>>> print(open('input19.cif').read())   # mmCIF, C-alpha atoms
data_target
loop_
_atom_site.label_atom_id
_atom_site.label_comp_id
_atom_site.auth_asym_id
_atom_site.auth_seq_id
_atom_site.Cartn_x
_atom_site.Cartn_y
_atom_site.Cartn_z
CA MET A 1 0.00 0.00 0.00
CA THR A 2 1.15 3.53 -0.65
CA ARG A 3 1.61 5.94 2.22
CA THR A 4 -1.63 7.76 1.21
CA HIS A 5 -3.62 4.53 1.37
CA ARG A 6 -2.22 3.69 4.78
CA SER A 7 -3.02 7.19 6.08
CA LEU A 8 -6.53 6.99 4.65
CA HIS A 9 -7.10 3.65 6.37
CA ARG A 10 -6.05 5.16 9.67
CA ILE A 11 -8.50 8.04 9.21
CA VAL A 12 -11.46 6.12 7.76
CA TRP A 13 -11.77 3.32 10.32
CA PRO A 14 -12.08 5.41 13.51
CA ILE A 15 -14.69 7.64 11.80
CA LEU A 16 -16.64 4.66 10.44
CA ALA A 17 -16.47 2.93 13.84
CA LEU A 18 -17.78 6.01 15.63
CA LEU A 19 -20.67 6.52 13.18
CA VAL A 20 -21.74 2.87 13.12
CA VAL A 21 -21.48 2.30 16.88
CA LEU A 22 -23.46 5.49 17.46
CA GLY A 23 -26.04 4.44 14.84
CA VAL A 24 -26.50 0.92 16.25
CA ALA A 25 -26.64 2.22 19.84
CA LEU A 26 -29.34 4.74 18.87
CA ALA A 27 -31.26 2.09 16.91
CA LEU A 28 -31.23 -0.09 20.03
CA TRP A 29 -32.10 2.76 22.39
CA LEU A 30 -34.95 4.14 20.31
CA ARG A 31 -36.52 0.93 19.04
CA PRO A 32 -40.18 0.55 19.95
CA PRO A 33 -41.12 -1.72 22.87
CA PRO A 34 -41.80 -5.40 22.05
CA GLU A 35 -45.58 -4.99 22.51
CA HIS A 36 -45.66 -2.37 19.77
CA ALA A 37 -43.46 -4.41 17.47
CA ARG A 38 -45.74 -7.45 17.89
CA ALA A 39 -48.85 -5.36 17.29
CA VAL A 40 -47.57 -4.15 13.90
CA PRO A 41 -46.53 -7.23 11.92
CA ARG A 42 -44.72 -6.82 8.58
CA ALA A 43 -47.73 -7.78 6.50
CA VAL A 44 -49.73 -4.94 8.02
CA SER A 45 -47.04 -2.42 7.17
CA VAL A 46 -47.26 -3.61 3.56
CA GLU A 47 -51.02 -3.13 3.52
CA ARG A 48 -50.68 0.31 5.05
CA ALA A 49 -48.31 1.37 2.30
CA ALA A 50 -50.80 0.31 -0.38
CA MET B 1 -0.91 2.65 -22.81
CA SER B 2 -3.61 0.28 -23.98
CA VAL B 3 -4.93 -2.39 -21.71
CA GLY B 4 -5.90 -5.76 -23.14
CA LEU B 5 -8.55 -8.03 -21.65
CA ARG B 6 -7.20 -11.35 -20.39
CA ALA B 7 -9.45 -14.06 -19.02
CA VAL B 8 -9.13 -15.01 -15.35
CA GLN B 9 -6.02 -17.18 -14.97
CA TRP B 10 -7.32 -20.27 -13.21
CA ASN B 11 -5.09 -22.57 -11.23
CA ARG B 12 -5.60 -25.32 -8.67
CA ASP B 13 -5.31 -22.96 -5.68
CA LYS B 14 -8.04 -20.69 -7.04
CA VAL B 15 -10.35 -23.61 -7.80
CA VAL B 16 -9.88 -25.04 -4.28
CA TYR B 17 -10.36 -21.58 -2.71
CA ASP B 18 -13.60 -20.99 -4.64
CA ALA B 19 -14.88 -24.50 -3.94
CA VAL B 20 -14.33 -24.05 -0.19
CA VAL B 21 -16.10 -20.65 -0.17
CA ILE B 22 -19.06 -21.92 -2.24
CA ALA B 23 -19.36 -25.01 -0.02
CA GLY B 24 -19.29 -22.75 3.05
CA VAL B 25 -22.11 -20.60 1.64
CA ILE B 26 -24.28 -23.63 0.79
CA LEU B 27 -23.67 -25.22 4.20
CA TYR B 28 -24.45 -21.99 6.06
CA ILE B 29 -27.71 -21.30 4.21
CA ALA B 30 -28.81 -24.95 4.39
CA GLY B 31 -27.95 -25.09 8.11
CA TYR B 32 -29.77 -21.82 8.85
CA LEU B 33 -32.90 -22.97 7.01
CA ALA B 34 -32.85 -26.42 8.63
CA ILE B 35 -32.60 -24.98 12.16
CA ALA B 36 -35.17 -22.22 11.53
CA TRP B 37 -37.61 -24.66 9.89
CA ARG B 38 -37.31 -27.02 12.85
CA THR B 39 -37.66 -24.39 15.60
CA GLU B 40 -40.44 -22.36 14.00
CA PRO B 41 -41.90 -23.95 10.87
CA PRO B 42 -43.24 -21.30 8.45
CA LYS B 43 -47.01 -21.24 8.24
CA THR B 44 -47.35 -19.42 4.93
CA HIS B 45 -45.39 -19.09 1.70
CA PRO B 46 -44.26 -15.50 2.51
CA ASP B 47 -43.03 -16.78 5.90
CA ALA B 48 -40.91 -19.37 4.11
CA ILE B 49 -39.47 -16.69 1.81
CA ASP B 50 -38.74 -14.59 4.89
CA LEU B 51 -36.47 -17.37 6.16
CA TRP B 52 -34.59 -17.34 2.85
CA ILE B 53 -34.24 -13.55 3.17
CA ARG B 54 -32.72 -13.91 6.64
CA ALA B 55 -30.48 -16.82 5.70
CA SER B 56 -29.03 -15.11 2.61
CA GLY B 57 -28.80 -11.68 4.28
CA SER B 58 -26.93 -12.96 7.33
CA CYS B 59 -24.68 -15.04 5.05
CA ALA B 60 -23.74 -11.96 2.96
CA CYS B 61 -23.10 -10.00 6.16
CA ILE B 62 -20.81 -12.71 7.57
CA MET B 63 -18.99 -12.95 4.22
CA LEU B 64 -18.33 -9.19 4.23
CA THR B 65 -17.03 -9.44 7.80
CA ILE B 66 -14.59 -12.19 6.79
CA ILE B 67 -13.51 -10.39 3.59
CA LEU B 68 -12.78 -7.18 5.50
CA SER B 69 -10.85 -9.09 8.19
CA ILE B 70 -8.52 -10.83 5.71
CA GLY B 71 -6.47 -7.70 4.83
CA PRO B 72 -5.48 -6.69 8.39
CA LEU B 73 -5.10 -10.34 9.45
CA ALA B 74 -2.59 -10.90 6.63
CA ARG B 75 -0.71 -7.77 7.72
CA LEU B 76 -0.60 -9.04 11.32
CA ASP B 77 0.16 -12.70 10.61
CA ARG B 78 1.64 -14.13 7.39
CA ARG B 79 -0.36 -17.35 7.76
CA PHE B 80 -3.46 -15.46 6.57
CA LEU B 81 -1.83 -14.54 3.25
CA LYS B 82 -3.37 -17.67 1.75
CA LEU B 83 -6.83 -16.16 2.30
CA LEU B 84 -5.79 -12.93 0.60
CA TYR B 85 -4.72 -14.71 -2.57
CA ASN B 86 -8.20 -15.06 -4.07
CA ARG B 87 -10.13 -12.52 -2.00
CA ARG B 88 -11.64 -10.93 -5.10
CA HIS B 89 -13.55 -14.13 -5.95
CA PHE B 90 -14.78 -14.19 -2.35
CA GLY B 91 -16.01 -10.62 -2.82
CA VAL B 92 -17.82 -11.42 -6.07
CA LEU B 93 -19.52 -14.37 -4.37
CA ALA B 94 -20.60 -12.11 -1.50
CA PHE B 95 -22.16 -9.80 -4.12
CA LEU B 96 -24.02 -12.78 -5.67
CA VAL B 97 -25.35 -13.84 -2.25
CA ALA B 98 -26.48 -10.23 -1.65
CA CYS B 99 -28.23 -10.31 -5.05
CA PHE B 100 -29.99 -13.51 -4.00
CA HIS B 101 -31.08 -11.78 -0.77
CA PHE B 102 -32.49 -8.94 -2.91
CA ALA B 103 -34.27 -11.41 -5.22
CA CYS B 104 -35.83 -13.17 -2.21
CA MET B 105 -37.06 -9.81 -0.93
CA LEU B 106 -38.69 -9.09 -4.32
CA ASP B 107 -40.23 -12.57 -4.27
CA TRP B 108 -41.70 -11.83 -0.81
CA TYR B 109 -43.48 -8.74 -2.17
CA ILE B 110 -44.62 -10.62 -5.29
CA SER B 111 -46.04 -13.45 -3.15
CA LEU B 112 -48.18 -10.86 -1.35
CA ASN B 113 -49.15 -9.13 -4.61
CA ALA B 114 -47.59 -6.01 -3.10
CA LEU B 115 -44.64 -5.23 -5.37
CA PRO B 116 -45.76 -1.60 -6.00
CA ASN B 117 -45.62 -1.10 -2.24
CA LEU B 118 -41.87 -1.53 -2.33
CA ALA B 119 -41.59 1.50 -4.59
CA ALA B 120 -44.02 3.37 -2.31
CA GLU B 121 -41.93 2.41 0.73
CA LEU B 122 -38.76 3.66 -0.90
CA SER B 123 -40.30 6.91 -2.12
CA LYS B 124 -41.92 8.04 1.12
CA TRP B 125 -39.57 10.97 1.35
CA GLY B 126 -40.81 12.02 4.79
CA ASP B 127 -39.46 8.76 6.25
CA TYR B 128 -35.93 9.71 5.22
CA THR B 129 -35.96 12.43 7.89
CA LYS B 130 -36.73 9.89 10.64
CA PHE B 131 -34.18 7.72 12.37
CA ILE B 132 -36.46 4.91 13.56
CA GLY B 133 -38.65 4.31 10.53
CA PHE B 134 -35.91 5.26 8.04
CA PRO B 135 -36.40 3.19 4.86
CA PHE B 136 -33.72 0.65 5.77
CA LYS B 137 -34.14 -1.12 2.43
CA ALA B 138 -32.64 1.97 0.79
CA LEU B 139 -29.47 1.39 2.85
CA GLY B 140 -29.34 -2.21 1.66
CA LEU B 141 -29.87 -1.12 -1.95
CA ALA B 142 -27.09 1.46 -1.69
CA ALA B 143 -24.74 -1.24 -0.32
CA LEU B 144 -25.80 -3.59 -3.15
CA LEU B 145 -25.00 -0.91 -5.75
CA ILE B 146 -21.53 -0.44 -4.25
CA LEU B 147 -20.98 -4.21 -4.25
CA PHE B 148 -22.06 -4.31 -7.90
CA LEU B 149 -19.56 -1.59 -8.78
CA LEU B 150 -16.78 -3.43 -6.97
CA ALA B 151 -17.67 -6.84 -8.45
CA ALA B 152 -17.89 -5.33 -11.96
CA THR B 153 -14.43 -3.75 -11.65
CA SER B 154 -12.78 -6.65 -9.81
CA HIS B 155 -11.08 -8.08 -12.91
CA ASP B 156 -7.41 -7.30 -13.58
CA PHE B 157 -8.48 -5.46 -16.75
CA TRP B 158 -10.00 -2.71 -14.58
CA LEU B 159 -7.06 -2.81 -12.20
CA MET B 160 -4.70 -2.02 -15.10
CA PHE B 161 -7.10 0.39 -16.81
CA LEU B 162 -7.72 2.47 -13.67
CA THR B 163 -4.16 1.97 -12.29
CA PRO B 164 -3.66 0.23 -8.92
CA ARG B 165 -3.77 3.56 -7.07
CA ILE B 166 -7.27 4.59 -8.27
CA TRP B 167 -8.53 1.00 -8.22
CA LYS B 168 -7.59 0.64 -4.57
CA PHE B 169 -9.28 3.95 -3.67
CA LEU B 170 -12.41 2.78 -5.50
CA HIS B 171 -12.41 -0.56 -3.70
CA MET B 172 -12.15 1.15 -0.34
CA LEU B 173 -15.86 1.88 -0.93
CA LEU B 174 -16.37 -1.58 0.53
CA TYR B 175 -15.91 -0.02 3.97
CA VAL B 176 -18.84 2.31 3.26
CA ALA B 177 -20.91 -0.63 1.99
CA TYR B 178 -20.18 -2.54 5.21
CA GLY B 179 -21.30 0.41 7.33
CA LEU B 180 -24.52 0.63 5.27
CA VAL B 181 -25.15 -3.10 5.71
CA ILE B 182 -24.75 -2.85 9.50
CA MET B 183 -27.22 0.07 9.62
CA HIS B 184 -29.56 -1.80 7.22
CA VAL B 185 -29.76 -4.63 9.79
CA ALA B 186 -29.88 -2.28 12.81
CA LEU B 187 -32.81 -0.27 11.44
CA GLY B 188 -34.52 -3.27 9.82
CA HIS B 189 -34.28 -6.75 11.30
CA MET B 190 -33.08 -5.55 14.73
CA GLN B 191 -36.23 -3.46 15.18
CA ASP B 192 -38.50 -6.56 14.89
CA GLU B 193 -36.27 -9.22 16.39
CA ARG B 194 -35.97 -8.87 20.17
CA SER B 195 -33.31 -11.52 20.68
CA PRO B 196 -30.10 -9.98 22.09
CA LEU B 197 -28.21 -12.22 19.67
CA VAL B 198 -28.80 -9.79 16.78
CA PRO B 199 -27.18 -6.67 18.30
CA VAL B 200 -24.45 -8.79 19.91
CA MET B 201 -23.54 -10.42 16.58
CA LEU B 202 -23.85 -7.14 14.70
CA LEU B 203 -21.63 -5.16 17.05
CA GLY B 204 -19.35 -8.16 17.59
CA SER B 205 -18.57 -8.60 13.88
CA PHE B 206 -18.17 -4.89 13.32
CA GLY B 207 -15.98 -4.67 16.43
CA ILE B 208 -13.71 -7.47 15.20
CA VAL B 209 -13.25 -5.87 11.76
CA THR B 210 -12.66 -2.39 13.18
CA GLY B 211 -10.34 -3.68 15.89
CA LEU B 212 -8.22 -5.60 13.37
CA HIS B 213 -7.95 -2.57 11.06
CA LEU B 214 -7.03 -0.27 13.92
CA VAL B 215 -4.42 -2.64 15.35
CA ALA B 216 -2.86 -3.29 11.92
CA GLY B 217 -2.84 0.44 11.16
CA TRP B 218 -1.31 1.27 14.54
CA ARG B 219 1.48 -1.28 14.06
CA GLU B 220 2.24 0.05 10.58
CA ARG B 221 2.39 3.59 11.90
CA LYS B 222 5.68 2.85 13.65
CA ALA B 223 7.18 1.61 10.37
CA ASP B 224 6.05 4.79 8.61
CA ARG B 225 8.35 6.97 10.69
CA ALA B 226 11.27 7.77 8.39
CA PRO B 227 14.71 8.16 9.97
CA ALA B 228 16.18 11.66 9.78
CA SER B 229 18.52 11.60 6.80
CA ASP B 230 19.52 13.91 4.00
CA GLY B 231 21.17 11.31 1.83
CA TRP B 232 21.68 7.56 1.73
CA LEU B 233 19.71 5.46 4.22
CA THR B 234 21.43 2.81 6.31
CA VAL B 235 19.81 -0.59 5.99
CA GLY B 236 22.21 -2.53 8.24
CA ALA B 237 24.94 -5.14 8.00
CA LEU B 238 24.79 -7.46 5.02
CA ASP B 239 23.90 -10.40 7.28
CA SER B 240 20.96 -8.48 8.73
CA ILE B 241 19.17 -8.91 5.40
CA PRO B 242 17.85 -12.49 5.29
CA ASP B 243 19.17 -14.48 2.34
CA GLN B 244 16.49 -14.56 -0.40
CA GLY B 245 14.48 -12.16 1.72
CA ALA B 246 14.35 -8.42 2.35
CA ARG B 247 14.50 -5.64 4.87
CA ILE B 248 12.11 -2.73 4.46
CA VAL B 249 13.29 0.84 5.02
CA THR B 250 11.20 4.00 4.90
CA ALA B 251 12.25 6.85 2.63
CA PRO B 252 11.95 10.46 3.86
CA ASP B 253 8.76 10.86 1.75
CA GLY B 254 7.16 8.03 3.74
CA GLU B 255 7.18 5.46 0.93
CA ARG B 256 8.85 2.12 1.62
CA ILE B 257 11.84 0.53 -0.09
CA ALA B 258 12.48 -3.23 -0.07
CA VAL B 259 16.17 -4.14 0.04
CA PHE B 260 16.64 -7.76 -1.05
CA ARG B 261 19.64 -10.08 -0.80
CA ASP B 262 20.11 -13.13 -2.98
CA GLY B 263 23.41 -14.69 -1.90
CA ASN B 264 25.97 -11.99 -2.57
CA GLN B 265 23.68 -9.89 -4.77
CA VAL B 266 21.91 -6.93 -3.14
CA GLY B 267 19.24 -4.81 -4.81
CA ALA B 268 16.54 -2.35 -3.79
CA VAL B 269 13.11 -1.87 -5.34
CA THR B 270 9.95 -0.07 -4.33
CA ASN B 271 7.91 -2.00 -1.77
CA LEU B 272 4.84 -1.66 -4.04
CA CYS B 273 4.06 -4.54 -6.39
CA ALA B 274 3.10 -3.25 -9.85
CA HIS B 275 0.01 -5.48 -9.80
CA GLN B 276 -1.97 -4.47 -6.71
CA HIS B 277 0.56 -2.56 -4.59
CA GLY B 278 1.21 -5.64 -2.44
CA PRO B 279 4.13 -5.44 0.05
CA LEU B 280 7.01 -6.87 -1.99
CA GLY B 281 9.43 -6.65 0.93
CA GLU B 282 7.36 -9.27 2.77
CA GLY B 283 7.89 -11.65 -0.13
CA ARG B 284 10.80 -13.97 -0.94
CA ILE B 285 13.16 -14.56 -3.82
CA ILE B 286 11.85 -17.63 -5.61
CA ASP B 287 13.51 -19.01 -8.78
CA GLY B 288 15.85 -16.00 -8.72
CA CYS B 289 12.97 -13.50 -8.78
CA ILE B 290 11.42 -11.24 -6.14
CA THR B 291 7.99 -12.78 -5.60
CA CYS B 292 5.04 -10.78 -4.27
CA PRO B 293 3.42 -12.47 -1.25
CA TRP B 294 -0.07 -11.51 -2.41
CA HIS B 295 -0.48 -12.99 -5.88
CA GLY B 296 2.98 -14.28 -6.82
CA TYR B 297 3.94 -11.57 -9.36
CA GLN B 298 7.69 -11.85 -10.03
CA TYR B 299 10.49 -9.37 -10.79
CA ARG B 300 14.22 -9.74 -11.42
CA LEU B 301 16.37 -8.43 -8.57
CA ALA B 302 18.92 -6.95 -10.99
CA ASP B 303 16.59 -4.45 -12.70
CA GLY B 304 13.07 -4.82 -11.25
CA CYS B 305 11.67 -6.11 -14.56
CA ALA B 306 9.22 -9.01 -14.70
CA PRO B 307 10.72 -11.96 -16.60
CA PRO B 308 9.47 -12.31 -20.22
CA PRO B 309 6.78 -12.58 -21.49
CA PHE B 310 5.56 -10.27 -18.69
CA THR B 311 6.14 -6.54 -18.99
CA GLU B 312 5.70 -5.06 -15.49
CA LYS B 313 8.60 -2.94 -14.22
CA LEU B 314 9.41 -1.69 -10.73
CA VAL B 315 11.07 1.51 -9.59
CA THR B 316 14.59 0.60 -8.40
CA HIS B 317 17.03 2.30 -5.99
CA ARG B 318 20.80 2.45 -5.94
CA VAL B 319 22.53 0.49 -3.18
CA ARG B 320 26.11 0.50 -1.87
CA LEU B 321 28.22 -1.11 0.83
CA GLU B 322 29.90 1.43 3.13
CA GLY B 323 31.98 0.30 6.10
CA GLY B 324 30.29 -3.11 6.10
CA LEU B 325 26.81 -1.55 6.08
CA VAL B 326 24.33 -1.71 3.22
CA GLU B 327 22.98 1.72 2.28
CA VAL B 328 20.21 2.67 -0.13
CA ASP B 329 19.62 5.89 -2.04
CA PRO B 330 16.00 6.98 -1.42
CA THR B 331 15.86 8.79 -4.78
CA PRO B 332 13.92 6.46 -7.10
CA LEU B 333 15.34 5.46 -10.49
CA ALA B 334 13.20 4.98 -13.58
CA PRO B 335 11.28 1.66 -13.54
CA GLY B 336 13.43 -1.18 -14.84
CA THR B 337 16.80 0.56 -14.29
CA PRO B 338 19.52 -1.98 -13.33
CA ALA B 339 20.75 -1.03 -9.83
CA ALA B 340 21.62 -4.21 -7.92
CA ILE B 341 25.22 -4.80 -6.84
CA VAL B 342 27.32 -7.89 -6.18
CA VAL B 343 29.27 -7.78 -2.92
CA ALA B 344 32.43 -9.77 -2.30
#
>>> encode(input="input19.cif", output="structure tokens")
Amino acid sequence: MTRTHRSLHRIVWPILALLVVLGVALALWLRPPPEHARAVPRAVSVERAA
Amino acid sequence: MSVGLRAVQWNRDKVVYDAVVIAGVILYIAGYLAIAWRTEPPKTHPDAIDLWIRASGSCACIMLTIILSIGPLARLDRRFLKLLYNRRHFGVLAFLVACFHFACMLDWYISLNALPNLAAELSKWGDYTKFIGFPFKALGLAALLILFLLAATSHDFWLMFLTPRIWKFLHMLLYVAYGLVIMHVALGHMQDERSPLVPVMLLGSFGIVTGLHLVAGWRERKADRAPASDGWLTVGALDSIPDQGARIVTAPDGERIAVFRDGNQVGAVTNLCAHQHGPLGEGRIIDGCITCPWHGYQYRLADGCAPPPFTEKLVTHRVRLEGGLVEVDPTPLAPGTPAAIVVA
């Protein structure tokens, strides 16, 4: 790898890690409670979109 | 320079590699379906398709995790170089599995006579401003498009046409695709599935890949520090260079130079293989030629030229022996310039 590629790797991974960990943590934190998830099955969401 | 199209050069190693990966994919999907069918048999046809969606989606995700781990693993431990050899075929297969996942998803909509709803789902622009409720399928589609671009340009024709430098930048888009896939699962499947296994596996695989890249990058950082020098760089005593091996030194501009010894012949070339910028200095001299550890591309030590009929040439560097120490001139010579010396 060239020096530029190595430097880019060192910059990209910490940024990507931060964004993804933050995204997954938020998706976990904000996801609706199980009762709500069970009440709205996937098929219903398809019908609603129709 | 024109670039000709050459078919993929098959050999036994590639065939075995591909066979193992394909067998792994079939076994994983078959195993997933068998277990899921046994624990919770699908009641309807769309339920059965849903299992195929999950099996193929998780398979593609695992494949991406493995593909992205191979590079840093090979940098940390030479034993993983074997996995690097045919990584591009692995990547193309991951794209095909992702395509199958996409096809299963279309089939699910068709089985419910609801295909137009997919377009409606993707074009509800208001949902793009939400976090929970974001059209996660759009993230998957974006990742699939990136994988298509990478699979379509994976052949050596594109590598030569775009030059290794641009090709490698382009293929770094895989990191973006991986991030999109993780968010596709986090905002899609993870919202319905309450088992802690999903977030644990998702964060676990991403953590492994990120950790490996960070550790490999951190270790390489030390090697990137060039010694203060305004002229020739000291490599070390002649015996410090392993016979038919190399020592790598860093030039003041940060690029690396591989100084090889073959008996009493010493020569220096760039550390970048002309094929895919593999680390030549981690290779060996085989059949009298410097051999890249990644894909086996070979170059003569004397002048950095690939043996006929091949035409690749490496940048070379002048070397000298001063007071029993091998020194290298960091100023690069034109590719293919004879620069190796024979020491007594």
>>> resolve_selection(input="input19.cif", expression="the PyMOL selection byres ((chain B and resi 147) around 12)", output="JSON, numbers by chain")
{"B": [60, 64, 88, 90, 91, 92, 93, 94, 95, 96, 97, 98, 99, 140, 141, 142, 143, 144, 145, 146, 148, 149, 150, 151, 152, 153, 154, 170, 171, 172, 173, 174, 175, 176, 177, 178, 180, 181]}
>>> interface_residues(input="input19.cif", of="chain B", to="chain A", cutoff="7 Å", atoms="all atoms listed in the file", output="ChimeraX atom specification")
/B:117,120-121,132,179,183,186-187,191-192,210,214,217,254-255,272,277-279
>>> resolve_selection(input="input19.cif", expression="the PyMOL selection byres ((chain B and resi 83) around 10)", output="JSON list (two decimals) with C-alpha atoms, in the coordinates of the input")
[["chain", "number", "residue", "atom", "x", "y", "z"],
["B", 17, "TYR", "CA", -10.36, -21.58, -2.71],
["B", 66, "ILE", "CA", -14.59, -12.19, 6.79],
["B", 67, "ILE", "CA", -13.51, -10.39, 3.59],
["B", 70, "ILE", "CA", -8.52, -10.83, 5.71],
["B", 71, "GLY", "CA", -6.47, -7.70, 4.83],
["B", 73, "LEU", "CA", -5.10, -10.34, 9.45],
["B", 74, "ALA", "CA", -2.59, -10.90, 6.63],
["B", 79, "ARG", "CA", -0.36, -17.35, 7.76],
["B", 80, "PHE", "CA", -3.46, -15.46, 6.57],
["B", 81, "LEU", "CA", -1.83, -14.54, 3.25],
["B", 82, "LYS", "CA", -3.37, -17.67, 1.75],
["B", 84, "LEU", "CA", -5.79, -12.93, 0.60],
["B", 85, "TYR", "CA", -4.72, -14.71, -2.57],
["B", 86, "ASN", "CA", -8.20, -15.06, -4.07],
["B", 87, "ARG", "CA", -10.13, -12.52, -2.00],
["B", 90, "PHE", "CA", -14.78, -14.19, -2.35],
["B", 294, "TRP", "CA", -0.07, -11.51, -2.41]]
>>> residues_near_point(input="input19.cif", point="(16.0, -16.6, -9.4)", cutoff="9 Å", atoms="only C-alpha atoms", output="mmCIF file with C-alpha atoms, in the coordinates of the input")
data_model
loop_
_atom_site.group_PDB
_atom_site.id
_atom_site.type_symbol
_atom_site.label_atom_id
_atom_site.label_comp_id
_atom_site.auth_asym_id
_atom_site.auth_seq_id
_atom_site.Cartn_x
_atom_site.Cartn_y
_atom_site.Cartn_z
ATOM 1 C CA ASP B 262 20.110 -13.130 -2.980
ATOM 2 C CA ILE B 285 13.160 -14.560 -3.820
ATOM 3 C CA ILE B 286 11.850 -17.630 -5.610
ATOM 4 C CA ASP B 287 13.510 -19.010 -8.780
ATOM 5 C CA GLY B 288 15.850 -16.000 -8.720
ATOM 6 C CA CYS B 289 12.970 -13.500 -8.780
ATOM 7 C CA ILE B 290 11.420 -11.240 -6.140
ATOM 8 C CA ARG B 300 14.220 -9.740 -11.420
ATOM 9 C CA LEU B 301 16.370 -8.430 -8.570
#
>>> atom_distance(input="input19.cif", atom1="atom CA of B:Pro335", atom2="atom CA of B:Glu220")
25.8 Å
>>> resolve_selection(input="input19.cif", expression="the PyMOL selection byres ((chain B and resi 263-271) around 8)", output="PyMOL selection string")
chain B and resi 243-244+248+255-262+272-273+277-281+301-302+304+314-319+328+339-344
>>> atom_distance(input="input19.cif", atom1="atom CA of B:Arg165", atom2="atom CA of B:Glu312")
15.3 Å
>>> atom_distance(input="input19.cif", atom1="atom CA of B:Thr65", atom2="atom CA of B:Pro164")
23.5 Å
>>> axis_aligned_box(input="input19.cif", around="stretch 44-51 of chain B", padding_each_side="8 Å", output="AutoDock Vina command-line options")
--center_x -41.9 --center_y -17.0 --center_z 3.9 --size_x 26.9 --size_y 20.8 --size_z 20.5
>>> closest_residue(input="input19.cif", among="B:His275, B:Arg247, B:Arg225, B:Arg78", to="B:Gly296", atoms="all atoms listed in the file")
B:His275
>>> closest_residue(input="input19.cif", among="B:Ile53, B:Gly188, B:His89, B:Ala119", to="B:His101", atoms="all atoms listed in the file")
B:Ile53
>>> decode(input="input19.cif", residues="stretch 8-21 of chain A", atoms="N, CA and C atoms", output="PDB file, in the first residue's frame")
ATOM      1  N   LEU A   8      -5.080   6.962   4.827  1.00  0.00           N
ATOM      2  CA  LEU A   8      -6.533   6.991   4.650  1.00  0.00           C
ATOM      3  C   LEU A   8      -7.210   5.912   5.503  1.00  0.00           C
ATOM      4  N   HIS A   9      -6.580   4.728   5.525  1.00  0.00           N
ATOM      5  CA  HIS A   9      -7.099   3.647   6.373  1.00  0.00           C
ATOM      6  C   HIS A   9      -7.169   4.095   7.826  1.00  0.00           C
ATOM      7  N   ARG A  10      -6.114   4.757   8.259  1.00  0.00           N
ATOM      8  CA  ARG A  10      -6.049   5.163   9.670  1.00  0.00           C
ATOM      9  C   ARG A  10      -7.076   6.242   9.993  1.00  0.00           C
ATOM     10  N   ILE A  11      -7.493   6.999   8.979  1.00  0.00           N
ATOM     11  CA  ILE A  11      -8.504   8.040   9.212  1.00  0.00           C
ATOM     12  C   ILE A  11      -9.911   7.447   9.105  1.00  0.00           C
ATOM     13  N   VAL A  12     -10.110   6.611   8.069  1.00  0.00           N
ATOM     14  CA  VAL A  12     -11.457   6.116   7.758  1.00  0.00           C
ATOM     15  C   VAL A  12     -12.025   5.230   8.867  1.00  0.00           C
ATOM     16  N   TRP A  13     -11.213   4.299   9.374  1.00  0.00           N
ATOM     17  CA  TRP A  13     -11.768   3.315  10.316  1.00  0.00           C
ATOM     18  C   TRP A  13     -12.272   3.919  11.624  1.00  0.00           C
ATOM     19  N   PRO A  14     -11.521   4.818  12.272  1.00  0.00           N
ATOM     20  CA  PRO A  14     -12.083   5.405  13.508  1.00  0.00           C
ATOM     21  C   PRO A  14     -13.385   6.171  13.249  1.00  0.00           C
ATOM     22  N   ILE A  15     -13.460   6.883  12.105  1.00  0.00           N
ATOM     23  CA  ILE A  15     -14.687   7.645  11.798  1.00  0.00           C
ATOM     24  C   ILE A  15     -15.851   6.688  11.567  1.00  0.00           C
ATOM     25  N   LEU A  16     -15.600   5.652  10.746  1.00  0.00           N
ATOM     26  CA  LEU A  16     -16.642   4.664  10.445  1.00  0.00           C
ATOM     27  C   LEU A  16     -17.097   3.966  11.732  1.00  0.00           C
ATOM     28  N   ALA A  17     -16.136   3.613  12.580  1.00  0.00           N
ATOM     29  CA  ALA A  17     -16.467   2.930  13.841  1.00  0.00           C
ATOM     30  C   ALA A  17     -17.361   3.808  14.702  1.00  0.00           C
ATOM     31  N   LEU A  18     -17.011   5.079  14.808  1.00  0.00           N
ATOM     32  CA  LEU A  18     -17.779   6.011  15.629  1.00  0.00           C
ATOM     33  C   LEU A  18     -19.210   6.140  15.100  1.00  0.00           C
ATOM     34  N   LEU A  19     -19.336   6.337  13.786  1.00  0.00           N
ATOM     35  CA  LEU A  19     -20.665   6.518  13.184  1.00  0.00           C
ATOM     36  C   LEU A  19     -21.523   5.272  13.358  1.00  0.00           C
ATOM     37  N   VAL A  20     -20.950   4.105  13.069  1.00  0.00           N
ATOM     38  CA  VAL A  20     -21.735   2.866  13.115  1.00  0.00           C
ATOM     39  C   VAL A  20     -22.113   2.515  14.550  1.00  0.00           C
ATOM     40  N   VAL A  21     -21.166   2.632  15.477  1.00  0.00           N
ATOM     41  CA  VAL A  21     -21.482   2.300  16.880  1.00  0.00           C
ATOM     42  C   VAL A  21     -22.564   3.242  17.401  1.00  0.00           C
TER      43      VAL A  21
END
